[in-house]
file start.tsv (TSV, C-alpha atoms)
chain	number	residue	atom	x	y	z
A	1	MET	CA	139.06	144.41	10.18
A	2	THR	CA	140.25	147.94	10.51
A	3	VAL	CA	138.27	151.05	11.10
A	4	LYS	CA	138.38	154.23	9.10
A	5	ILE	CA	139.74	156.78	11.51
A	6	GLU	CA	139.75	159.93	9.43
A	7	VAL	CA	137.26	161.31	6.95
A	8	ILE	CA	137.98	163.67	4.10
A	9	ALA	CA	135.50	166.55	4.30
A	10	GLY	CA	135.37	169.16	1.57
A	11	GLY	CA	138.19	169.75	-0.88
A	12	LEU	CA	138.71	167.99	-4.20
A	13	PRO	CA	137.37	164.43	-4.50
A	14	HIS	CA	140.04	161.76	-4.94
A	15	ASP	CA	138.82	160.74	-8.41
A	16	GLN	CA	139.48	164.22	-9.80
A	17	ILE	CA	143.00	164.27	-8.36
A	18	MET	CA	143.62	160.79	-9.78
A	19	ILE	CA	142.50	161.69	-13.31
A	20	ALA	CA	144.42	164.98	-13.28
A	21	GLY	CA	147.57	163.27	-11.99
A	22	LEU	CA	147.35	160.41	-14.49
A	23	VAL	CA	146.74	162.63	-17.51
A	24	GLY	CA	149.30	165.22	-16.38
A	25	SER	CA	152.06	162.70	-15.84
A	26	LEU	CA	151.43	160.85	-19.11
A	27	VAL	CA	151.39	164.12	-21.07
A	28	GLY	CA	154.58	165.28	-19.33
A	29	ILE	CA	156.43	162.04	-20.03
A	30	TYR	CA	155.31	161.97	-23.65
A	31	LEU	CA	156.42	165.59	-24.17
A	32	THR	CA	160.00	164.45	-23.49
A	33	TYR	CA	159.69	162.42	-26.70
A	34	LEU	CA	160.01	165.78	-28.51
A	35	ASN	CA	163.72	165.31	-27.71
A	36	VAL	CA	163.84	162.47	-30.22
A	37	LEU	CA	161.71	164.25	-32.81
A	38	THR	CA	163.70	167.49	-32.71
A	39	ASN	CA	167.07	165.82	-31.98
A	40	SER	CA	167.74	167.97	-28.92
A	41	TYR	CA	167.58	167.63	-25.13
A	42	ILE	CA	165.73	170.85	-24.37
A	43	PHE	CA	162.35	169.20	-23.64
A	44	SER	CA	163.68	166.92	-20.87
A	45	PHE	CA	162.24	169.02	-18.05
A	46	PHE	CA	158.69	168.03	-19.07
A	47	GLY	CA	159.45	164.60	-17.60
A	48	GLY	CA	160.00	166.21	-14.21
A	49	LEU	CA	156.72	168.13	-14.50
A	50	GLY	CA	154.96	164.85	-15.27
A	51	ALA	CA	156.58	163.25	-12.24
A	52	VAL	CA	155.35	166.10	-10.04
A	53	CYS	CA	151.78	165.48	-11.26
A	54	ALA	CA	152.19	161.81	-10.30
A	55	LEU	CA	153.65	162.71	-6.89
A	56	VAL	CA	150.77	165.08	-6.06
A	57	TRP	CA	148.33	162.31	-6.95
A	58	GLY	CA	150.48	159.89	-4.92
A	59	SER	CA	150.37	161.98	-1.76
A	60	HIS	CA	146.57	161.94	-1.90
A	61	ALA	CA	146.43	158.21	-2.68
A	62	ILE	CA	148.56	157.61	0.44
A	63	LYS	CA	146.17	159.81	2.40
A	64	VAL	CA	143.22	157.69	1.25
A	65	LEU	CA	145.01	154.44	2.17
A	66	CYS	CA	146.44	155.63	5.47
A	67	SER	CA	143.15	157.11	6.68
A	68	TYR	CA	142.53	153.46	7.62
A	69	GLY	CA	144.73	152.34	10.47
A	70	ILE	CA	147.17	150.10	8.60
A	71	GLY	CA	149.55	150.06	11.55
A	72	THR	CA	152.79	150.29	9.60
A	73	GLY	CA	153.12	154.02	9.24
A	74	VAL	CA	152.93	156.18	6.15
A	75	PRO	CA	156.41	155.42	4.65
A	76	SER	CA	155.53	151.75	4.04
A	77	ALA	CA	153.05	152.85	1.37
A	78	GLY	CA	155.85	154.77	-0.34
A	79	TYR	CA	158.14	151.75	-0.24
A	80	ILE	CA	155.65	149.39	-1.85
A	81	SER	CA	154.76	152.06	-4.42
A	82	LEU	CA	158.31	152.63	-5.63
A	83	GLY	CA	159.36	148.99	-5.17
A	84	SER	CA	156.71	147.74	-7.55
A	85	GLY	CA	156.92	150.82	-9.77
A	86	VAL	CA	160.62	150.44	-10.57
A	87	LEU	CA	160.07	146.92	-11.92
A	88	ALA	CA	157.30	148.04	-14.25
A	89	MET	CA	159.13	151.18	-15.33
A	90	LEU	CA	162.39	149.46	-16.34
A	91	PHE	CA	160.55	146.62	-18.08
A	92	ALA	CA	158.39	149.10	-20.00
A	93	GLY	CA	161.49	150.91	-21.24
A	94	ARG	CA	161.99	148.07	-23.74
A	95	PHE	CA	158.77	148.93	-25.59
A	96	GLY	CA	159.81	152.03	-27.51
A	97	VAL	CA	157.34	154.86	-27.75
A	98	ALA	CA	154.63	152.80	-26.03
A	99	ALA	CA	156.74	152.64	-22.85
A	100	PRO	CA	154.61	154.93	-20.61
A	101	ILE	CA	151.41	153.05	-21.51
A	102	VAL	CA	153.05	149.63	-21.03
A	103	GLY	CA	154.49	150.81	-17.70
A	104	LEU	CA	151.06	152.03	-16.60
A	105	ILE	CA	149.36	148.72	-17.44
A	106	LEU	CA	152.10	146.49	-16.00
A	107	ALA	CA	152.30	148.56	-12.79
A	108	ALA	CA	148.53	148.33	-12.44
A	109	ILE	CA	148.70	144.52	-12.80
A	110	ILE	CA	151.53	144.19	-10.23
A	111	GLY	CA	149.74	146.59	-7.87
A	112	ALA	CA	146.46	144.71	-8.17
A	113	ILE	CA	148.22	141.42	-7.32
A	114	LEU	CA	149.96	143.00	-4.31
A	115	GLY	CA	146.72	144.60	-3.14
A	116	PHE	CA	144.91	141.27	-3.46
A	117	LEU	CA	147.66	139.55	-1.45
A	118	ALA	CA	147.47	142.18	1.28
A	119	ASN	CA	143.70	142.10	1.50
A	120	ASN	CA	142.85	138.43	0.96
A	121	VAL	CA	145.96	136.48	1.96
A	122	LEU	CA	147.24	138.69	4.74
A	123	MET	CA	143.63	139.44	5.76
A	124	MET	CA	144.01	143.20	6.02
A	125	LYS	CA	140.41	143.61	4.78
A	126	ILE	CA	140.72	147.31	4.00
A	127	PRO	CA	138.10	148.36	1.43
A	128	VAL	CA	140.38	150.69	-0.55
A	129	MET	CA	143.46	148.43	-0.33
A	130	ILE	CA	143.44	146.95	-3.85
A	131	GLN	CA	142.61	150.24	-5.55
A	132	SER	CA	145.15	152.19	-3.49
A	133	ILE	CA	148.06	149.78	-4.01
A	134	THR	CA	147.23	149.65	-7.74
A	135	GLU	CA	147.27	153.46	-7.91
A	136	LEU	CA	150.48	153.65	-5.89
A	137	ALA	CA	152.30	151.19	-8.16
A	138	VAL	CA	151.24	153.20	-11.23
A	139	ILE	CA	152.34	156.42	-9.51
A	140	GLY	CA	155.71	154.90	-8.63
A	141	ALA	CA	156.29	153.78	-12.21
A	142	LEU	CA	155.24	157.11	-13.76
A	143	ALA	CA	157.17	159.28	-11.28
A	144	LEU	CA	160.34	157.23	-11.80
A	145	MET	CA	159.90	157.27	-15.57
A	146	GLY	CA	159.38	161.04	-15.61
A	147	LEU	CA	162.41	161.86	-13.50
A	148	SER	CA	164.57	159.31	-15.34
A	149	ALA	CA	163.56	160.92	-18.62
A	150	MET	CA	164.43	164.32	-17.17
A	151	ALA	CA	167.90	163.16	-16.08
A	152	SER	CA	168.85	161.07	-19.11
A	153	GLY	CA	166.76	162.67	-21.87
A	154	SER	CA	164.93	159.44	-22.70
A	155	PHE	CA	162.42	157.12	-21.08
A	156	LEU	CA	163.70	154.14	-23.07
A	157	PHE	CA	165.85	151.42	-21.55
A	158	ALA	CA	168.45	151.74	-24.28
A	159	GLY	CA	168.69	155.50	-23.81
A	160	MET	CA	169.02	155.19	-20.04
A	161	SER	CA	171.74	152.54	-20.18
A	162	THR	CA	173.89	153.92	-22.99
A	163	GLY	CA	176.18	156.87	-22.45
A	164	THR	CA	179.22	158.36	-24.13
A	165	SER	CA	182.73	158.93	-22.95
A	166	THR	CA	185.39	161.08	-24.56
A	167	PHE	CA	188.94	159.77	-24.75
A	168	LEU	CA	191.62	161.83	-26.53
A	169	GLY	CA	188.91	163.69	-28.40
A	170	MET	CA	187.20	160.51	-29.60
A	171	VAL	CA	183.59	160.00	-28.53
A	172	THR	CA	182.86	156.36	-27.80
A	173	THR	CA	179.82	154.52	-26.48
A	174	SER	CA	180.18	153.73	-22.81
A	175	TYR	CA	177.73	151.73	-20.72
A	176	GLY	CA	179.46	152.68	-17.49
A	177	ASN	CA	178.82	156.39	-18.09
A	178	SER	CA	175.08	156.00	-18.50
A	179	PHE	CA	172.16	156.83	-16.22
A	180	ILE	CA	171.66	153.20	-15.15
A	181	GLY	CA	175.35	152.31	-15.36
A	182	LEU	CA	176.14	154.99	-12.79
A	183	SER	CA	173.27	153.70	-10.60
A	184	LEU	CA	171.70	157.15	-10.52
A	185	ILE	CA	168.35	155.36	-10.76
A	186	ALA	CA	168.88	154.29	-7.14
A	187	VAL	CA	169.23	157.95	-6.10
A	188	ILE	CA	166.06	158.89	-7.99
A	189	PHE	CA	164.32	155.89	-6.41
A	190	ILE	CA	165.06	157.16	-2.89
A	191	LEU	CA	164.28	160.81	-3.76
A	192	ASN	CA	160.89	159.75	-5.15
A	193	MET	CA	160.23	157.66	-2.06
A	194	ILE	CA	160.80	160.69	0.17
A	195	ALA	CA	158.74	162.99	-2.04
A	196	ILE	CA	155.76	160.63	-2.22
A	197	GLN	CA	155.34	159.94	1.49
A	198	ALA	CA	156.71	163.08	3.16
A	199	PRO	CA	153.74	165.37	2.37
A	200	PHE	CA	151.13	163.28	4.16
A	201	ASN	CA	153.56	162.25	6.89
A	202	ALA	CA	154.37	165.90	7.57
A	203	THR	CA	150.86	167.34	7.42
A	204	LEU	CA	148.75	164.58	9.00
A	205	GLY	CA	146.91	165.21	12.21
A	206	PRO	CA	143.76	166.91	13.45
A	207	SER	CA	144.46	170.08	11.46
A	208	TRP	CA	145.13	168.28	8.17
A	209	GLN	CA	144.13	170.39	5.18
A	210	GLN	CA	143.99	168.98	1.69
A	211	ASP	CA	145.29	172.04	-0.14
A	212	ARG	CA	148.24	172.40	2.22
A	213	MET	CA	149.25	168.76	1.67
A	214	LEU	CA	148.91	169.01	-2.12
A	215	TRP	CA	150.99	172.20	-2.28
A	216	MET	CA	153.61	170.51	-0.13
A	217	ALA	CA	153.59	167.49	-2.45
A	218	ALA	CA	154.23	169.80	-5.41
A	219	GLU	CA	156.97	171.51	-3.40
A	220	ALA	CA	158.63	168.17	-2.59
A	221	GLY	CA	158.37	167.19	-6.25
A	222	PHE	CA	160.06	170.37	-7.49
A	223	LEU	CA	162.74	170.04	-4.83
A	224	THR	CA	163.43	166.56	-6.24
A	225	MET	CA	163.50	168.08	-9.72
A	226	ILE	CA	166.28	170.48	-8.66
A	227	VAL	CA	168.48	167.53	-7.66
A	228	VAL	CA	167.63	165.66	-10.86
A	229	ALA	CA	168.41	168.78	-12.92
A	230	VAL	CA	171.87	168.85	-11.34
A	231	MET	CA	172.32	165.18	-12.30
A	232	SER	CA	171.25	165.91	-15.87
A	233	PHE	CA	174.34	168.08	-16.45
A	234	ALA	CA	176.19	164.77	-16.89
A	235	PHE	CA	173.97	163.48	-19.69
A	236	LEU	CA	172.30	166.41	-21.46
A	237	SER	CA	173.54	169.49	-23.30
A	238	LEU	CA	174.43	172.45	-21.11
A	239	SER	CA	171.50	174.57	-22.30
A	240	ALA	CA	168.96	171.78	-21.67
A	241	ALA	CA	170.28	171.15	-18.16
A	242	LEU	CA	170.23	174.90	-17.39
A	243	VAL	CA	166.61	175.14	-18.58
A	244	SER	CA	165.70	172.18	-16.33
A	245	LEU	CA	167.45	173.77	-13.37
A	246	ALA	CA	165.82	177.17	-13.89
A	247	VAL	CA	162.32	175.70	-14.28
A	248	SER	CA	162.79	173.56	-11.14
A	249	ILE	CA	164.08	176.38	-8.96
A	250	ILE	CA	161.39	178.88	-10.04
A	251	LEU	CA	158.53	176.42	-9.52
A	252	TRP	CA	160.00	175.19	-6.24
A	253	ALA	CA	160.27	178.76	-4.90
A	254	TYR	CA	156.64	179.46	-5.89
A	255	THR	CA	155.23	176.24	-4.35
A	256	TYR	CA	157.36	176.66	-1.23
A	257	SER	CA	156.03	180.18	-0.66
A	258	MET	CA	152.47	178.87	-1.18
A	259	TYR	CA	153.08	176.10	1.34
A	260	ILE	CA	154.45	178.56	3.91
A	261	THR	CA	151.43	180.83	3.35
A	262	LEU	CA	149.03	177.93	3.93
A	263	SER	CA	151.01	176.79	6.98
A	264	LYS	CA	150.63	180.27	8.47
A	265	ARG	CA	146.91	180.16	7.66
A	266	ASP	CA	146.44	176.83	9.47
A	267	ALA	CA	148.74	177.55	12.39
A	268	ALA	CA	147.25	178.59	15.71
A	269	PHE	CA	149.93	181.18	16.20
A	270	TRP	CA	152.96	182.28	14.18
A	271	LEU	CA	156.06	183.58	15.90
A	272	ASP	CA	158.91	184.72	13.68
A	273	SER	CA	161.61	183.79	16.14
A	274	LYS	CA	165.12	185.15	15.85
A	275	PRO	CA	168.30	183.38	16.94
A	276	ILE	CA	169.16	184.07	20.55
A	277	LYS	CA	172.05	186.51	20.78
A	278	GLU	CA	174.49	185.35	23.39
A	279	PRO	CA	176.99	187.82	24.75
A	280	GLU	CA	180.52	186.79	24.06
A	281	GLY	CA	183.75	187.41	25.90
A	282	HIS	CA	183.01	185.70	29.20
B	283	MET	CA	167.23	138.04	19.15
B	284	GLY	CA	164.14	137.96	16.95
B	285	GLY	CA	165.26	141.15	15.26
B	286	VAL	CA	168.74	139.77	14.62
B	287	ILE	CA	167.35	136.58	13.05
B	288	GLY	CA	164.86	138.58	10.99
B	289	GLY	CA	167.56	140.94	9.79
B	290	PHE	CA	169.79	138.00	8.83
B	291	LEU	CA	167.00	136.29	6.87
B	292	GLY	CA	165.98	139.53	5.15
B	293	GLY	CA	169.54	140.29	4.15
B	294	LEU	CA	170.05	136.74	2.92
B	295	GLY	CA	166.94	136.96	0.75
B	296	GLY	CA	167.95	140.31	-0.75
B	297	THR	CA	171.45	139.04	-1.48
B	298	LEU	CA	170.05	135.93	-3.18
B	299	ILE	CA	167.90	138.05	-5.50
B	300	TYR	CA	170.86	140.26	-6.38
B	301	TYR	CA	173.33	137.42	-6.89
B	302	VAL	CA	171.07	135.26	-9.02
B	303	LEU	CA	169.91	138.15	-11.22
B	304	LEU	CA	173.46	139.37	-11.73
B	305	LYS	CA	175.30	136.08	-12.31
B	306	TRP	CA	172.69	133.97	-14.02
B	307	VAL	CA	170.66	136.52	-15.95
B	308	TYR	CA	172.11	139.96	-16.66
B	309	VAL	CA	175.81	139.28	-17.19
B	310	GLY	CA	175.02	136.85	-20.00
B	311	LYS	CA	171.95	138.41	-21.57
B	312	LEU	CA	172.47	142.18	-21.44
B	313	VAL	CA	174.95	142.22	-24.33
B	314	GLY	CA	172.16	141.08	-26.63
B	315	VAL	CA	169.59	143.42	-25.08
B	316	LEU	CA	171.76	146.50	-25.53
B	317	GLN	CA	173.07	145.26	-28.90
B	318	ALA	CA	176.54	145.97	-27.58
B	319	THR	CA	179.58	145.28	-29.68
B	320	ALA	CA	181.74	142.34	-28.62
B	321	GLY	CA	184.10	143.31	-25.83
B	322	ALA	CA	181.98	146.24	-24.61
B	323	ASP	CA	181.83	146.37	-20.83
B	324	ILE	CA	178.19	146.05	-19.78
B	325	THR	CA	179.03	145.10	-16.18
B	326	PRO	CA	178.04	148.50	-14.66
B	327	VAL	CA	174.57	148.28	-16.21
B	328	ALA	CA	174.20	144.65	-15.06
B	329	ILE	CA	175.23	145.46	-11.48
B	330	SER	CA	172.97	148.50	-11.32
B	331	LEU	CA	169.96	146.66	-12.75
B	332	ALA	CA	170.39	143.67	-10.46
B	333	GLY	CA	170.75	146.03	-7.50
B	334	ILE	CA	167.68	148.13	-8.23
B	335	PHE	CA	165.52	145.07	-8.96
B	336	ALA	CA	166.73	143.45	-5.73
B	337	ILE	CA	165.85	146.63	-3.80
B	338	GLY	CA	162.41	146.77	-5.42
B	339	THR	CA	161.60	143.12	-4.70
B	340	PHE	CA	163.01	143.40	-1.19
B	341	LEU	CA	160.90	146.47	-0.33
B	342	VAL	CA	157.72	144.89	-1.70
B	343	ASN	CA	158.33	141.82	0.49
B	344	ALA	CA	159.28	143.90	3.51
B	345	THR	CA	156.10	145.97	3.28
B	346	LEU	CA	153.86	142.92	2.83
B	347	ALA	CA	155.49	141.23	5.83
B	348	ALA	CA	154.94	144.40	7.87
B	349	TYR	CA	151.29	144.51	6.78
B	350	ASN	CA	150.90	140.93	7.99
B	351	ILE	CA	151.74	141.85	11.57
B	352	THR	CA	150.20	145.35	11.24
B	353	GLY	CA	153.40	147.14	12.06
B	354	THR	CA	155.14	145.80	15.12
B	355	ILE	CA	155.77	142.48	16.84
B	356	GLU	CA	157.43	141.67	20.14
B	357	GLY	CA	159.04	138.37	19.14
B	358	PRO	CA	158.18	134.71	18.64
B	359	HIS	CA	156.06	134.71	21.80
B	360	ASP	CA	153.75	137.39	20.38
B	361	PRO	CA	150.33	135.93	19.34
B	362	LYS	CA	150.75	137.71	15.98
B	363	PHE	CA	153.68	135.38	15.24
B	364	ALA	CA	151.16	132.63	14.46
B	365	ARG	CA	150.29	134.47	11.26
B	366	TRP	CA	153.63	133.65	9.60
B	367	PRO	CA	152.26	131.05	7.12
B	368	ARG	CA	150.23	133.80	5.44
B	369	ALA	CA	153.37	135.87	5.00
B	370	VAL	CA	155.15	132.93	3.36
B	371	VAL	CA	152.35	132.56	0.80
B	372	ALA	CA	152.10	136.30	0.12
B	373	SER	CA	155.86	136.80	-0.17
B	374	ALA	CA	156.26	133.76	-2.43
B	375	VAL	CA	153.62	135.04	-4.84
B	376	ALA	CA	154.88	138.65	-4.73
B	377	SER	CA	158.50	137.59	-5.25
B	378	SER	CA	157.49	135.38	-8.18
B	379	VAL	CA	155.68	138.28	-9.87
B	380	CYS	CA	158.66	140.62	-9.32
B	381	GLY	CA	161.13	137.94	-10.44
B	382	ILE	CA	159.24	137.21	-13.65
B	383	VAL	CA	159.30	140.92	-14.57
B	384	ALA	CA	163.01	141.21	-13.68
B	385	ILE	CA	163.93	138.25	-15.89
B	386	ALA	CA	161.49	139.10	-18.69
B	387	ILE	CA	163.28	142.40	-19.34
B	388	THR	CA	166.00	140.37	-21.09
B	389	ALA	CA	163.60	138.04	-22.88
B	390	PHE	CA	163.12	139.81	-26.22
call {"tool": "encode", "arguments": {"input": "start.tsv", "output": "structure tokens"}}
result
Amino acid sequence: MTVKIEVIAGGLPHDQIMIAGLVGSLVGIYLTYLNVLTNSYIFSFFGGLGAVCALVWGSHAIKVLCSYGIGTGVPSAGYISLGSGVLAMLFAGRFGVAAPIVGLILAAIIGAILGFLANNVLMMKIPVMIQSITELAVIGALALMGLSAMASGSFLFAGMSTGTSTFLGMVTTSYGNSFIGLSLIAVIFILNMIAIQAPFNATLGPSWQQDRMLWMAAEAGFLTMIVVAVMSFAFLSLSAALVSLAVSIILWAYTYSMYITLSKRDAAFWLDSKPIKEPEGH
Amino acid sequence: MGGVIGGFLGGLGGTLIYYVLLKWVYVGKLVGVLQATAGADITPVAISLAGIFAIGTFLVNATLAAYNITGTIEGPHDPKFARWPRAVVASAVASSVCGIVAIAITAF
């Protein structure tokens, strides 16, 4: 039996963050479907925005779980989240337009099984374990689906694994030049893993503040979006990739400045140190 | 020595997942899933899928095993080592769930 070692006082309740993150990420992922309806790629960046909603929710879900002493450190929660999420997300890609909903349900089932195993077989006996692992699996699936849709323009398995290659002016279908064929999903997997666990890992401690962690989670999410926007140059039209890149950089700069402001607010003392100038010529 | 043996077993398990998914499942079935024309090279997709599913299953198992010993262990002489049967049960169930999903993606 473990003991709750930290208490959340004040700030937004977890249920509100959960509902906002769930709705925000589903809406963001579904808005990328406008790509299919309008036959363009310009709406891909909505997938990234949806993923950021999921990541903000994820950082708080990890906070709720890790406020009990689980003994394995914060990153382990990120690993189990993305590890179970990637299974659900790729499987759900086979279900056409219902993919985000199928991914949500399947991830919740896998997460509930893993939470049950941890609590009742491994005898962790943490009250929030089953709910937290279920949430984390759903977050992992939605964040991966959002960023994959942003990079490849589609959240469907066929869209992610089919690319084109040009040979002597002829455009042919190529599976090797696709989002999954190039294994870019592994890069997005690791980027998501960092973005989901870094905020709480970086801000935990006696002076933990909820708003500072949530702004940092958004900042980490937009930083991930910048990298994904660079990847999307390979799969999307130039204009769509440039829109993604611009949106990511602007939102990242805004959230980063907010995070720095809040860090200064919570810091005991702020010294703007300059590099030490060493005299040369000795 | 405990760490070396554990690393060997973990790597062996991950490799088994990857090899079986790639050779026995994806190489044969993905042509139908992607509705690829005959002769199209689906190997990159098969390798990538088997790899990412192996990573996912491996990380789920690794985290559950770490939860079992609540983080750290000193070796086989540690009293926490006696909990290993629980980890076998949990990992077997978790791997089965992950494996069913990984194979079911080619099922229809």
call {"tool": "closest_atom_pairs", "arguments": {"input": "start.tsv", "of": "chain A", "to": "chain B", "cutoff": "6 Å", "atoms": "all atoms listed in the file", "output": "tab-separated table"}}
result
residue	atom	partner	partner_atom	distance
A:Gly71	CA	B:Thr352	CA	4.8
A:Thr72	CA	B:Gly353	CA	4.0
A:Ser76	CA	B:Thr345	CA	5.9
A:Tyr79	CA	B:Leu341	CA	6.0
A:Ile80	CA	B:Val342	CA	5.0
A:Gly83	CA	B:Gly338	CA	3.8
A:Phe91	CA	B:Ile387	CA	5.2
A:Leu117	CA	B:Ala372	CA	5.7
A:Leu122	CA	B:Asn350	CA	5.4
A:Tyr175	CA	B:Ile324	CA	5.8
A:Gly176	CA	B:Pro326	CA	5.2
A:Ile180	CA	B:Val327	CA	5.8
A:Gly181	CA	B:Val327	CA	4.2
A:Ser183	CA	B:Ser330	CA	5.3
call {"tool": "residues_around", "arguments": {"input": "start.tsv", "residues": "Phe116 of chain A", "least_positions_apart": "4", "cutoff": "7 Å", "atoms": "only C-alpha atoms", "output": "PDB file with C-alpha atoms, in the frame of the given file"}}
result
ATOM      1  CA  ALA A 112     146.460 144.710  -8.170  1.00  0.00           C
ATOM      2  CA  ASN A 120     142.850 138.430   0.960  1.00  0.00           C
ATOM      3  CA  ILE A 130     143.440 146.950  -3.850  1.00  0.00           C
TER       4      ILE A 130
END
call {"tool": "axis_aligned_box", "arguments": {"input": "start.tsv", "around": "segment 121-136 of chain A", "padding_each_side": "5 Å", "output": "JSON"}}
result
{"center_x": 144.3, "center_y": 145.1, "center_z": -0.9, "size_x": 22.4, "size_y": 27.2, "size_z": 23.9}
call {"tool": "atom_distance", "arguments": {"input": "start.tsv", "atom1": "atom CA of Gln16 of chain A", "atom2": "atom CA of Ser248 of chain A"}}
result
25.1 Å
call {"tool": "closest_residue", "arguments": {"input": "start.tsv", "among": "A:Ala246, A:Leu142, A:Met89, A:Leu65", "to": "Val27 of chain A", "atoms": "all atoms listed in the file"}}
result
A:Leu142
call {"tool": "atom_distance", "arguments": {"input": "start.tsv", "atom1": "atom CA of Gln209 of chain A", "atom2": "atom CA of Ile70 of chain A"}}
result
20.8 Å
call {"tool": "residues_around", "arguments": {"input": "start.tsv", "residues": "Ser237 of chain A", "least_positions_apart": "4", "cutoff": "10 Å", "atoms": "all atoms listed in the file", "output": "PyMOL selection string"}}
result
chain A and resi 40-42+153+232-233+241-242
call {"tool": "closest_residue", "arguments": {"input": "start.tsv", "among": "B:Ile287, B:Ala389, B:Gly357, B:Gly295", "to": "Tyr308 of chain B", "atoms": "all atoms listed in the file"}}
result
B:Ala389
call {"tool": "atom_distance", "arguments": {"input": "start.tsv", "atom1": "atom CA of Gln210 of chain A", "atom2": "atom CA of Met18 of chain A"}}
result
14.1 Å
call {"tool": "closest_residue", "arguments": {"input": "start.tsv", "among": "A:Leu34, A:Leu55, A:Ala98, A:Val74", "to": "Ala20 of chain A", "atoms": "only C-alpha atoms"}}
result
A:Leu55
call {"tool": "residues_near_point", "arguments": {"input": "start.tsv", "point": "(171.9, 164.3, -25.2)", "cutoff": "12 Å", "atoms": "all atoms listed in the file", "output": "number ranges by chain"}}
result
A: 35-36, 38-44, 149-154, 159-160, 162-164, 178-179, 232-241
call {"tool": "residues_around", "arguments": {"input": "start.tsv", "residues": "Gly221 of chain A", "least_positions_apart": "5", "cutoff": "10 Å", "atoms": "only C-alpha atoms", "output": "list in words"}}
result
Gly48, Leu49, Gly50, Ala51, Val52, Cys53, Ala54, Leu55, Val56, Ala143, Leu147, Leu191, Asn192, Ile194, Ala195, Ile196, Pro199, Trp215, Met216, Ile226, Ser248, Leu251, Trp252 and Thr255 of chain A
call {"tool": "write_last_selection", "arguments": {"input": "start.tsv", "atoms": "C-alpha atoms", "output": "compact mmCIF listing (two decimals), in the coordinates of the input"}}
result
# COMPACT_ATOMS: atom_id res chain seq x y z
CA GLY A 48 160.00 166.21 -14.21
CA LEU A 49 156.72 168.13 -14.50
CA GLY A 50 154.96 164.85 -15.27
CA ALA A 51 156.58 163.25 -12.24
CA VAL A 52 155.35 166.10 -10.04
CA CYS A 53 151.78 165.48 -11.26
CA ALA A 54 152.19 161.81 -10.30
CA LEU A 55 153.65 162.71 -6.89
CA VAL A 56 150.77 165.08 -6.06
CA ALA A 143 157.17 159.28 -11.28
CA LEU A 147 162.41 161.86 -13.50
CA LEU A 191 164.28 160.81 -3.76
CA ASN A 192 160.89 159.75 -5.15
CA ILE A 194 160.80 160.69 0.17
CA ALA A 195 158.74 162.99 -2.04
CA ILE A 196 155.76 160.63 -2.22
CA PRO A 199 153.74 165.37 2.37
CA TRP A 215 150.99 172.20 -2.28
CA MET A 216 153.61 170.51 -0.13
CA ILE A 226 166.28 170.48 -8.66
CA SER A 248 162.79 173.56 -11.14
CA LEU A 251 158.53 176.42 -9.52
CA TRP A 252 160.00 175.19 -6.24
CA THR A 255 155.23 176.24 -4.35
call {"tool": "closest_residue", "arguments": {"input": "start.tsv", "among": "A:Ile139, A:Gly115, A:Asp266, A:Thr166", "to": "Ser25 of chain A", "atoms": "all atoms listed in the file"}}
result
A:Ile139
call {"tool": "residues_near_point", "arguments": {"input": "start.tsv", "point": "(153.6, 158.5, 11.6)", "cutoff": "9 Å", "atoms": "only C-alpha atoms", "output": "list in words"}}
result
Thr72, Gly73, Val74, Pro75, Asn201, Ala202 and Leu204 of chain A
call {"tool": "closest_residue", "arguments": {"input": "start.tsv", "among": "A:Ala186, A:Val247, A:Leu156, A:Met258", "to": "Arg94 of chain A", "atoms": "all atoms listed in the file"}}
result
A:Leu156
call {"tool": "closest_residue", "arguments": {"input": "start.tsv", "among": "A:Met123, A:Leu271, A:Leu214, A:Leu114", "to": "Leu12 of chain A", "atoms": "all atoms listed in the file"}}
result
A:Leu214
call {"tool": "build_atoms", "arguments": {"input": "start.tsv", "residues": "segment 114-121 of chain A", "atoms": "N, CA and C atoms", "output": "PDB file, in the frame of the given file"}}
result
ATOM      1  N   LEU A 114     149.484 142.710  -5.672  1.00  0.00           N
ATOM      2  CA  LEU A 114     149.960 143.000  -4.310  1.00  0.00           C
ATOM      3  C   LEU A 114     148.798 143.401  -3.404  1.00  0.00           C
ATOM      4  N   GLY A 115     147.871 144.203  -3.937  1.00  0.00           N
ATOM      5  CA  GLY A 115     146.720 144.600  -3.140  1.00  0.00           C
ATOM      6  C   GLY A 115     145.853 143.409  -2.771  1.00  0.00           C
ATOM      7  N   PHE A 116     145.683 142.490  -3.748  1.00  0.00           N
ATOM      8  CA  PHE A 116     144.910 141.270  -3.460  1.00  0.00           C
ATOM      9  C   PHE A 116     145.597 140.451  -2.380  1.00  0.00           C
ATOM     10  N   LEU A 117     146.932 140.307  -2.466  1.00  0.00           N
ATOM     11  CA  LEU A 117     147.660 139.550  -1.450  1.00  0.00           C
ATOM     12  C   LEU A 117     147.470 140.172  -0.074  1.00  0.00           C
ATOM     13  N   ALA A 118     147.576 141.516  -0.008  1.00  0.00           N
ATOM     14  CA  ALA A 118     147.470 142.180   1.280  1.00  0.00           C
ATOM     15  C   ALA A 118     146.077 142.030   1.852  1.00  0.00           C
ATOM     16  N   ASN A 119     145.076 142.118   0.994  1.00  0.00           N
ATOM     17  CA  ASN A 119     143.700 142.100   1.500  1.00  0.00           C
ATOM     18  C   ASN A 119     143.180 140.708   1.771  1.00  0.00           C
ATOM     19  N   ASN A 120     143.496 139.736   0.877  1.00  0.00           N
ATOM     20  CA  ASN A 120     142.850 138.430   0.960  1.00  0.00           C
ATOM     21  C   ASN A 120     143.743 137.332   1.502  1.00  0.00           C
ATOM     22  N   VAL A 121     145.068 137.479   1.378  1.00  0.00           N
ATOM     23  CA  VAL A 121     145.960 136.480   1.960  1.00  0.00           C
ATOM     24  C   VAL A 121     146.406 136.914   3.346  1.00  0.00           C
TER      25      VAL A 121
END
